[in-house]
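Trainee: Can you read through this structure? Questions will come right after.
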Amino acid sequence: MPCGLLMVRVAVIGAGQSGGQLALGLLRAGHQVTLVSDRSPDDIRSGPVLSSQCMFDSARATERELGIDHWADECPDIGSVAVTFAGEQRYEWSAPLSAPAQAVDQRLKFAQWALQVEAEGGTLVVHPAQVADLEEYARTHDIVVVATGRGDIGRLFPPDHERSLFDRPQRVLALTYVTGMRPRQDGAALSFTLIPEIGECLTFPALTTSGRCDILVFEGVPGGPMDCWDDITDPDQHLERSLELLEKFAPAEFARCADVALTDRGGVLRGRFTPRVRVPVAILPSGKPVLGIGDAVVLNDPLTGQGANMAAQAAAYYLDSINRNVAGNFDEAWMRGTFEKFWRGWAQWVVHWTNSMLTTLSTHQAELLAEAAENSELASAIANGFDDPRQYFQWWFDTEAATRFRAEKRLAKSGRFDYRDLRRALGQYATGVTVVTARGVDGRRVGMTANSFTSVSMDPPLVLWCPSKNAPSYSAFTEATHFAVNILGAGQEHMCRQFATPTADKFAAVDLVEGVGGTPVLPDAIARFECRTVRCVEAGDHVVIIGEIEKYEAPGGQPLIFHDGSLRAG
């Protein structure tokens, strides 16, 4: 166990993506873990498929960090996203992912993880847990984390109506696992066909219990032509209907299916559910709180392929929160705070983006998708948003921001260098990570994550940083009399993410200190520099803001480092 880490007794109810991953992470950190599953590992492996689970690199990284990505060498890589818009205006494009995605059948993953929990000293309990069981686990453990939304346990977590947009299913879902699908000529891809007012078809390669396969995903608008599964009674009929839909709505994908067969009799899944966010803490009849995770509290429609990704991120956030709670107070307030960090840092952006795709696209969103067929830079930005949906919030939801973003990508495409490759090359220079804060002339607090910070002069003590002219708070920073540079420590990745994504209040739930000139200052940074703005110099699509240090503090600590597109401890 790492020095200074408190050993915690944790019961995890549910052995899925979030539950199994969290249990293994906790064991690796030296905690005592009980993992409760309603099925044995053998039953999981031999049962029906559970999901479509295309895992993008940011989520895969959380598994790599724990050493539990056992199928990485065997599973086919998904190197790009290919979009076909089959509306009145039809267009097609594809763009490479910055790092490959993979899709491992959850029957393989969850069965192996459950066995691994037991092999590494955890307790595996195979039993369908009821509320009475939660009471017993709450009595004998420091924390109970519920990673299943089924039955009476799921009903313990009421809907959060403020965060839930829908009150009924928005899509009818069907999955089909097949072998024999001919590979794409341009390489393995997540192929995404959008048929306005009807639904979506997704196909991608995967690894299942019998080896390599492809997964077909159908998302039909309720009551429409793709809502056609109620009369299906066996897997063979399911496959036949799948091919009929591909032939009608995604003929290019159908052309690859001349010799397909089901992977196994359990390789099909049908259903519908309401996308919903639930209150993250449930109070048992005894008055003891339990904490929800994964689908138990954030049930996202599979349309954008984010369910397993979000569950993996939740496990990482919760593991970090448990490890950092050295006081050992795991009460309701701590539980709510743990979920809020995950919600603010990741989940809210995924939910908002997915909900936008479930409704009719706005004019500027349709224009973004259309222009991507002519602009590889724009296509790349959209494709890689599947890996980190927070990137969309710079431009997906605002008409003016989308217009600026499209113009920026046109310039990037016409430049002397390949824009993506230049950014990758520049990213080889490792930097620290800062949050720069200021108070605008209207009194509004502004803040943004930046790594373009450097010392300029010791006499006088000058520093600089460089915000983009497209940043929503650009004017506020250039007009402010003062700014503060808050250097983040290794444990503040959530703060980096929070200030890197546009939102109505980036300072929500952040303890602040008022600094020089009324500037909001983050008290837990490993160093802080409070500066008077001396000069702003335009430099291409950015501006260089030079400030003179008027006050500083440097408590010290391990820094947060940004290198090659990733955050890590220094």
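Ordering of the structure tokens sets the chain letters (A, B, ...), residue numbers begin anew at 1 in every chain, and ligands are numbered from 1 in the order given.
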Please provide as a list in words all residues within 8 Å of stretch 50-61 of chain A, with the sequence filter that same-chain residues fewer than 4 positions apart are discarded (counting only C-alpha atoms).
Mentor: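 Once the nearby chain positions are removed, what remains is Glu65, Asp69, Ala99, Pro100, Ala101, Gln102, Ala103, Val104, Asp105, Gln106, Arg107, Leu175, Ile215, Val217, Leu269, Pro302, Gly305, Gln306, Gly307, Ala308, Asn309, Met310, Ala312, Gln313, Phe386, Asp387 and Asp388 of chain A.
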Trainee: From a DSSP calculation on the backbone, collect every residue of stretch 185-381 of chain A in strand (DSSP E) and output the set as an MDAnalysis selection string.
Mentor: chainID A and resid 189:195 199:208 211:220 261:262 268:271 276:277 281:283 289:292 298:299
Trainee: Put those residues in a file: C-alpha atoms, as a JSON list (two decimals), in the first residue's frame.
Mentor:
[["chain", "number", "residue", "atom", "x", "y", "z"],
["A", 189, "ALA", "CA", -13.36, 1.79, -38.39],
["A", 190, "LEU", "CA", -16.31, 2.63, -36.24],
["A", 191, "SER", "CA", -18.77, 3.07, -39.10],
["A", 192, "PHE", "CA", -21.60, 5.41, -38.13],
["A", 193, "THR", "CA", -24.59, 5.78, -40.49],
["A", 194, "LEU", "CA", -27.14, 8.47, -39.56],
["A", 195, "ILE", "CA", -30.59, 8.34, -41.14],
["A", 199, "GLY", "CA", -32.24, 6.07, -36.60],
["A", 200, "GLU", "CA", -28.61, 5.03, -36.79],
["A", 201, "CYS", "CA", -26.52, 1.97, -37.71],
["A", 202, "LEU", "CA", -23.06, 1.37, -36.27],
["A", 203, "THR", "CA", -20.61, -1.39, -37.18],
["A", 204, "PHE", "CA", -17.12, -2.10, -35.87],
["A", 205, "PRO", "CA", -14.71, -5.02, -35.37],
["A", 206, "ALA", "CA", -14.43, -6.65, -31.97],
["A", 207, "LEU", "CA", -13.13, -9.61, -29.98],
["A", 208, "THR", "CA", -15.65, -12.11, -28.63],
["A", 211, "GLY", "CA", -12.30, -14.85, -31.51],
["A", 212, "ARG", "CA", -12.54, -11.86, -33.82],
["A", 213, "CYS", "CA", -15.95, -10.67, -34.97],
["A", 214, "ASP", "CA", -17.93, -7.58, -35.95],
["A", 215, "ILE", "CA", -20.71, -5.91, -33.99],
["A", 216, "LEU", "CA", -23.80, -4.46, -35.67],
["A", 217, "VAL", "CA", -25.70, -1.86, -33.65],
["A", 218, "PHE", "CA", -29.14, -0.61, -34.64],
["A", 219, "GLU", "CA", -30.70, 2.45, -32.99],
["A", 220, "GLY", "CA", -34.23, 3.04, -34.23],
["A", 261, "ALA", "CA", -23.09, -15.79, -39.37],
["A", 262, "LEU", "CA", -23.85, -15.27, -35.71],
["A", 268, "VAL", "CA", -27.89, -10.90, -29.99],
["A", 269, "LEU", "CA", -29.55, -8.33, -27.76],
["A", 270, "ARG", "CA", -32.71, -6.24, -28.04],
["A", 271, "GLY", "CA", -34.30, -3.66, -25.78],
["A", 276, "ARG", "CA", -31.52, 9.00, -17.22],
["A", 277, "VAL", "CA", -29.34, 10.52, -14.52],
["A", 281, "VAL", "CA", -26.51, 8.49, -3.07],
["A", 282, "ALA", "CA", -29.23, 6.17, -1.75],
["A", 283, "ILE", "CA", -30.21, 6.00, 1.91],
["A", 289, "PRO", "CA", -25.80, 5.81, 2.68],
["A", 290, "VAL", "CA", -24.59, 3.84, -0.35],
["A", 291, "LEU", "CA", -22.93, 5.33, -3.42],
["A", 292, "GLY", "CA", -24.02, 4.59, -6.99],
["A", 298, "VAL", "CA", -25.85, 7.63, -15.29],
["A", 299, "LEU", "CA", -27.68, 5.56, -17.90]]
Trainee: So which residues touch A:Tyr552 within 9 Å, counting only C-alpha atoms, skipping near sequence neighbours fewer than 4 positions away, as a list in words?
Mentor: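 Non-adjacent residues within range: Ala527, Arg528, Phe529, Glu530 and Cys531 of chain A.
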Trainee: Atoms to include: N, CA and C atoms. Write the selected residues as a CSV table (one decimal), in the first residue's frame.
Mentor:
chain,number,residue,atom,x,y,z
A,527,ALA,N,1.8,26.1,-6.7
A,527,ALA,CA,2.3,27.4,-6.8
A,527,ALA,C,1.3,28.4,-7.4
A,528,ARG,N,1.3,29.6,-6.9
A,528,ARG,CA,0.4,30.6,-7.4
A,528,ARG,C,1.2,31.9,-7.7
A,529,PHE,N,0.9,32.6,-8.8
A,529,PHE,CA,1.5,33.8,-9.2
A,529,PHE,C,0.3,34.8,-9.5
A,530,GLU,N,0.2,35.9,-8.7
A,530,GLU,CA,-0.8,36.9,-8.9
A,530,GLU,C,-0.1,38.1,-9.6
A,531,CYS,N,-0.7,38.4,-10.8
A,531,CYS,CA,0.1,39.3,-11.7
A,531,CYS,C,-0.8,40.5,-12.1
Trainee: Report, in Å to a single decimal, how far apart atom CA of A:Ala373 and atom CA of A:Val221 are.
Mentor: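 Spanning atom CA of A:Val221 to atom CA of A:Ala373 is a straight-line distance of 25.3 Å.
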Trainee: Have a look at atom CA of A:Ala525 and atom CA of A:Ile487 and let me know their distance in Å, one decimal.
Mentor: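 So the answer is 5.5 Å.
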Trainee: Pick the closest to A:Leu97 from A:Asn384, A:Thr123, A:Gln112, A:Gln237: which is it, counting only C-alpha atoms?
Mentor: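 Residue with the minimum atom-to-atom distance to A:Leu97: A:Asn384.
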Trainee: Calculate how many Å separate atom CA of A:Phe339 from atom CA of A:Asn325, rounding to one decimal.
Mentor: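 Interatomic distance here is 14.0 Å.
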Trainee: Rank nothing, just name the residue among A:Ser94, A:Thr519, A:Thr179, A:Ser18 nearest to A:Ala372, using only C-alpha atoms.
Mentor: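 Smallest separation from A:Ala372 among the options: A:Ser94.
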Trainee: Mind checking which residues fall within 10 Å of A:Lys288, counting only C-alpha atoms, ignoring those fewer than 6 positions away in the same chain, and posting them as number ranges by chain?
Mentor: A: 134-135, 138-139, 143-144, 282, 331-332
Trainee: Identify, on the basis of only C-alpha atoms, every residue whose closest approach to A:Arg532 does not exceed 8 Å; exclude the query and any residue fewer than 6 positions from it along the same chain; express the result as a ChimeraX atom specification.
Mentor: /A:481-483,547-550
Trainee: Set the distance at 9 Å and use only C-alpha atoms: which residues neighbour stretch 360-371 of chain A once local chain neighbours fewer than 4 positions away are removed? I'd like the list as a ChimeraX atom specification.
Mentor: /A:83,85,89-93,196-197,356,375,378-379,382,396-400,402-403,406
Trainee: With distances taken over only C-alpha atoms, which residue among A:Thr359, A:Asn323, A:Ser242, A:Thr62 lies nearest A:Gln170?
Mentor: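 Checking each of A:Thr359, A:Asn323, A:Ser242, A:Thr62 against A:Gln170, counting only C-alpha atoms, the winner is A:Thr359.
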Trainee: Which neighbours of A:Pro275 fall inside 9 Å, counting only C-alpha atoms, when residues of the same chain fewer than 3 positions from it are skipped, and could you give them as an MDAnalysis selection string?
Mentor: chainID A and resid 164:170 298:301 351 355
Trainee: Here is a test: counting only C-alpha atoms, which residue of A:Ser473, A:Ser321, A:Ser376, A:Ser46 is nearest to A:Gln492?
Mentor: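 Looking only at the distances to A:Gln492, the closest residue turns out to be A:Ser321.
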Trainee: Just checking: using only C-alpha atoms, which residue out of A:Arg390, A:Ile546, A:Ala111, A:Gly385 ends up closest to A:Thr454?
Mentor: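 When distances to A:Thr454 are compared using only C-alpha atoms, the smallest one comes from A:Ile546.
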